[in-house]
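Before any comments, here is the structure.
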Amino acid sequence: MMSEILLFNRIQWNPEMYKESGFHEIHMPPHTRGGDISSASCKRPTESKCRQRVQLREVKPAVDRDSVEHPQHDRDETEEVFEGVPGGPIDRSILQSFHNHVAAKIWLGEDRVPLKLVNHGAKLELWELDAERSRISETVHRSGLALLLSCSHRVASRPMLSAFCERWQLETTTFHLSFGEMTITLDNVASILHIPITGSMISFSQPLRVDDANALLVELLGTTDVEASRETEQCRSPSVQLLWLRDNFSTITDVSSDDDIEFATRAFLLHLVGCTLFTDKSATSVVVVYLELFGDLSMVGSHAWGAACLAYVYRQLTTTTRFELRQLGGYLTLLQAWIYEHFPEMFSSLNFSYIKSRPRALRWRPHVIPESLQSVRERLDRLQSSDVCWEPYVDH
């Protein structure tokens, strides 16, 4: 939608957001230069131009001559001036973290390999809800999360997702592209995944301690203290392995006791969000704190799952902008399907058996793009606004 493109100079940066993001404060040089994104003459740098990274120039600072014994020394001082990327930051007061951004490092000659993607789409098939588990299935459908079982992509493209992560900016929470900025919205979440975007907000007042995690496992999953402690100790965090959840609860059926069915239902929902909405970089486990959301199974459908999913994806994208980080978590189906929807001519492959009433994530056949990360970067460099599908959900 047209509302998804933003003009750079109209973004107002929130200092509090920056402080809470976990990034260290970085002082940019006094001036940065770069092309105006609205300029028709703005061009992406050629390979030879990219090697002209940093320039040194003479500086004559304003000083008190009476306090300086050797003014000649000041005239010889030089300062480093960052040569901004054409189309990049032109106002250092907005993108204050850009100095530590992966894009800045690449501009200065360092490179990063494609990100390791944490995608659990295939693991959803390891715990199926068949006719013998209809009571568990009923609660999962009431939660609004049942469609995630069918629409989650089993395959994710490393070059494509890595290239888009390099375009993400934490202060604006947008992808910075050659023609402007775009971002993922709640409308995208609702159309792509068909999960609730309204309802009670999902938040936790403080980080969960291991002792509290053990208590939750005993109370809500019916484990013993010993079993709970052993599992969190193995994870070395207030988490449990996805495999542990399947091994201990996937055999529960409708003929089991009411308590066992409740425990198995909570375990299934925890496994589901750990494989989808809240996929973390451990690649094997899920944080126990989400179990609190399933304490009262009659209220599982009251949460704004889509809003929480989007916030989590934003957070994961932000962490990958740091050059030293090499993994991407979050629900990759949302990010990948969003790219397919808005750039169909560049990356997507249609699923011709798609039915319009289904989540838009099912409209595409996810595949690994057979090209390098650098090739995808160059394709994004050449991208024009006319290449974007601005209203992909008109007929949805």
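Here's how to read the names in the structure tokens: chain A, B, ... by the order shown, residue numbers from 1 in each chain, ligand numbers from 1 in the order shown.
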
Would you write out, as JSON lines, a table of all residues in stretch 190-240 of chain A that have an atom no more than 8 Å from an atom of stretch 346-366 of chain A, listing for each the closest atom pair and the distance in Å to one decimal, considering only C-alpha atoms and ordering rows by chain and rising residue number?
```
{"residue": "A:Ser191", "atom": "CA", "partner": "A:Arg360", "partner_atom": "CA", "distance": 6.0}
{"residue": "A:Ile192", "atom": "CA", "partner": "A:Arg360", "partner_atom": "CA", "distance": 4.3}
{"residue": "A:Leu193", "atom": "CA", "partner": "A:Pro359", "partner_atom": "CA", "distance": 5.2}
{"residue": "A:His194", "atom": "CA", "partner": "A:Pro359", "partner_atom": "CA", "distance": 5.5}
```

Using only C-alpha atoms, which residues sit within 9 Å of A:Ala146 once same-chain residues fewer than 6 positions away are excluded, as a PDB file with all heavy atoms, in the first residue's frame?
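File around.pdb, as written:
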```
ATOM      1  N   SER A 137      -7.033 -29.992  19.237  1.00  0.00           N
ATOM      2  CA  SER A 137      -7.236 -29.244  17.994  1.00  0.00           C
ATOM      3  C   SER A 137      -8.299 -28.155  18.164  1.00  0.00           C
ATOM      4  O   SER A 137      -8.156 -27.050  17.631  1.00  0.00           O
ATOM      5  CB  SER A 137      -7.655 -30.202  16.877  1.00  0.00           C
ATOM      6  OG  SER A 137      -7.878 -29.517  15.675  1.00  0.00           O
ATOM      7  N   VAL A 140      -6.726 -25.175  19.848  1.00  0.00           N
ATOM      8  CA  VAL A 140      -5.774 -24.518  18.941  1.00  0.00           C
ATOM      9  C   VAL A 140      -6.524 -23.659  17.932  1.00  0.00           C
ATOM     10  O   VAL A 140      -6.109 -22.526  17.624  1.00  0.00           O
ATOM     11  CB  VAL A 140      -4.886 -25.557  18.229  1.00  0.00           C
ATOM     12  CG1 VAL A 140      -4.016 -24.885  17.171  1.00  0.00           C
ATOM     13  CG2 VAL A 140      -4.018 -26.297  19.241  1.00  0.00           C
ATOM     14  N   ILE A 195      -3.982 -14.181  11.252  1.00  0.00           N
ATOM     15  CA  ILE A 195      -4.022 -14.313  12.705  1.00  0.00           C
ATOM     16  C   ILE A 195      -4.506 -12.990  13.293  1.00  0.00           C
ATOM     17  O   ILE A 195      -4.400 -11.951  12.639  1.00  0.00           O
ATOM     18  CB  ILE A 195      -2.650 -14.701  13.293  1.00  0.00           C
ATOM     19  CG1 ILE A 195      -1.591 -13.640  12.963  1.00  0.00           C
ATOM     20  CG2 ILE A 195      -2.227 -16.072  12.802  1.00  0.00           C
ATOM     21  CD1 ILE A 195      -0.239 -13.924  13.596  1.00  0.00           C
ATOM     22  N   LEU A 272       4.039 -24.537  19.119  1.00  0.00           N
ATOM     23  CA  LEU A 272       3.601 -23.848  17.907  1.00  0.00           C
ATOM     24  C   LEU A 272       4.180 -22.439  17.821  1.00  0.00           C
ATOM     25  O   LEU A 272       4.731 -22.048  16.781  1.00  0.00           O
ATOM     26  CB  LEU A 272       2.066 -23.792  17.870  1.00  0.00           C
ATOM     27  CG  LEU A 272       1.429 -23.040  16.692  1.00  0.00           C
ATOM     28  CD1 LEU A 272       1.867 -23.625  15.356  1.00  0.00           C
ATOM     29  CD2 LEU A 272      -0.087 -23.063  16.816  1.00  0.00           C
TER      30      LEU A 272
END
```

Please provide the set of residues having any atom within 6 Å of stretch 110-123 of chain A, restricted to only C-alpha atoms, with same-chain residues fewer than 2 positions apart removed, written as a ChimeraX atom specification. /A:105-106,108,125-126,152-154,158-159,162,275,283,326-329

Two-atom distance - atom CA of A:Gln96, atom CA of A:Phe323 (Å):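 Taking atom CA of A:Gln96 as the start and atom CA of A:Phe323 as the end point, the length is 15.5 Å.
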
Residues within 6 Å of A:Val388, please, as a list of chain:residue names. Count only C-alpha atoms; anything in the same chain fewer than 3 positions from it doesn't count. A:His342, A:Phe343, A:Ser385

Among stretch 139-343 of chain A, which ones does DSSP place in strand (DSSP E), written as a PyMOL selection string? chain A and resi 168-169+174-177+180-182+239-241+285-287+327-328

Write the selection just made, keeping C-alpha atoms, as an mmCIF file, in the first residue's frame?
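The file below, selection-v2.cif, is the result:
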```
data_model
loop_
_atom_site.group_PDB
_atom_site.id
_atom_site.type_symbol
_atom_site.label_atom_id
_atom_site.label_comp_id
_atom_site.auth_asym_id
_atom_site.auth_seq_id
_atom_site.Cartn_x
_atom_site.Cartn_y
_atom_site.Cartn_z
ATOM 1 C CA TRP A 168 16.735 -2.295 7.735
ATOM 2 C CA GLN A 169 17.205 0.732 10.014
ATOM 3 C CA THR A 174 11.862 0.545 7.751
ATOM 4 C CA PHE A 175 13.756 -0.962 4.833
ATOM 5 C CA HIS A 176 15.779 1.779 3.120
ATOM 6 C CA LEU A 177 15.595 1.185 -0.613
ATOM 7 C CA GLY A 180 12.522 5.469 -0.439
ATOM 8 C CA GLU A 181 11.425 3.374 2.527
ATOM 9 C CA MET A 182 9.005 0.495 3.099
ATOM 10 C CA SER A 239 13.702 -22.420 28.107
ATOM 11 C CA VAL A 240 12.733 -25.915 27.031
ATOM 12 C CA GLN A 241 13.683 -27.788 23.902
ATOM 13 C CA SER A 285 14.246 -24.255 22.142
ATOM 14 C CA VAL A 286 11.471 -21.871 23.178
ATOM 15 C CA VAL A 287 11.364 -19.538 26.196
ATOM 16 C CA GLN A 327 21.681 -15.196 12.594
ATOM 17 C CA LEU A 328 18.104 -14.197 11.842
#
```

Residue with smallest distance to A:Phe263 - pool A:Ala308, A:Val226, A:Val289, A:Val218, counting only C-alpha atoms: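 Of A:Ala308, A:Val226, A:Val289, A:Val218, the one nearest A:Phe263 is A:Val218, counting only C-alpha atoms.
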
Could you please write out, as a PyMOL selection string, every residue of stretch 115-191 of chain A that DSSP assigns to helix (DSSP H, G or I)? chain A and resi 121-126+131-143+148-151+158-165+186-191

How would the residues just chosen look if you wrote them out with C-alpha atoms as a short mmCIF file (atom, residue, chain, number, x, y, z; two decimals), in the first residue's frame?
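Contents of out_31.cif, freshly written:
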```cif
data_model
loop_
_atom_site.label_atom_id
_atom_site.label_comp_id
_atom_site.auth_asym_id
_atom_site.auth_seq_id
_atom_site.Cartn_x
_atom_site.Cartn_y
_atom_site.Cartn_z
CA GLY A 121 8.57 -24.74 9.42
CA ALA A 122 9.44 -28.40 8.88
CA LYS A 123 9.23 -29.19 12.61
CA LEU A 124 5.52 -28.41 12.64
CA GLU A 125 4.94 -31.63 10.72
CA LEU A 126 6.49 -33.65 13.56
CA ALA A 131 -8.70 -37.22 14.72
CA GLU A 132 -7.41 -38.79 17.94
CA ARG A 133 -6.47 -35.32 19.26
CA SER A 134 -9.66 -33.42 18.45
CA ARG A 135 -9.89 -31.83 21.91
CA ILE A 136 -6.42 -30.30 21.55
CA SER A 137 -7.24 -29.24 17.99
CA GLU A 138 -10.40 -27.47 19.13
CA THR A 139 -8.49 -25.22 21.53
CA VAL A 140 -5.77 -24.52 18.94
CA HIS A 141 -8.44 -23.34 16.49
CA ARG A 142 -10.00 -21.10 19.16
CA SER A 143 -6.59 -19.49 19.73
CA LEU A 148 0.09 -21.29 11.09
CA LEU A 149 0.30 -25.07 10.84
CA SER A 150 -0.46 -24.97 7.13
CA CYS A 151 0.88 -21.61 5.94
CA ARG A 158 19.27 -16.88 2.68
CA PRO A 159 20.50 -14.45 -0.02
CA MET A 160 17.15 -12.69 -0.36
CA LEU A 161 16.43 -12.31 3.36
CA SER A 162 20.03 -11.34 4.13
CA ALA A 163 19.99 -8.57 1.52
CA PHE A 164 16.77 -7.10 2.92
CA CYS A 165 18.12 -7.25 6.49
CA LEU A 186 -0.29 -5.00 10.68
CA ASP A 187 -2.33 -5.09 7.49
CA ASN A 188 0.40 -7.25 5.98
CA VAL A 189 0.32 -9.56 9.01
CA ALA A 190 -3.45 -9.97 8.85
CA SER A 191 -3.45 -10.68 5.09
#
```

Residues near A:Thr223, anyone? I mean within 12 Å using only C-alpha atoms, not counting same-chain ones fewer than 2 positions away, as a list in words.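 The residues satisfying every condition are Ala213, Asn214, Ala215, Leu216, Leu217, Val218, Glu219, Leu220, Leu221, Asp225, Val226, Glu227, Ala228, Ser229, Arg230, Glu231, Trp244, Leu245, Asn248, Phe249, Asp259, Asp260, Phe263, Ala264 and Ala267 of chain A.
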
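With only C-alpha atoms as the basis for measurement, A:Leu293 is the residue among A:Leu269, A:Leu147, A:Ala304, A:Leu293 that approaches A:Phe204 most closely.
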
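Going from atom CA of A:Arg266 over to atom CA of A:Gln316, you cover 25.2 Å.
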
Top pick for closest residue to A:Ile184, considering A:Thr172, A:Thr232, A:Thr320, A:Thr198 and counting only C-alpha atoms: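 Of all the options, A:Thr172 lies closest to A:Ile184.
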
With only C-alpha atoms as the basis for distance, which of A:Arg382, A:Arg315, A:Arg377, A:His303 is at the shortest distance from A:Pro196?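 With only C-alpha atoms as the atom set, the closest residue is A:His303.
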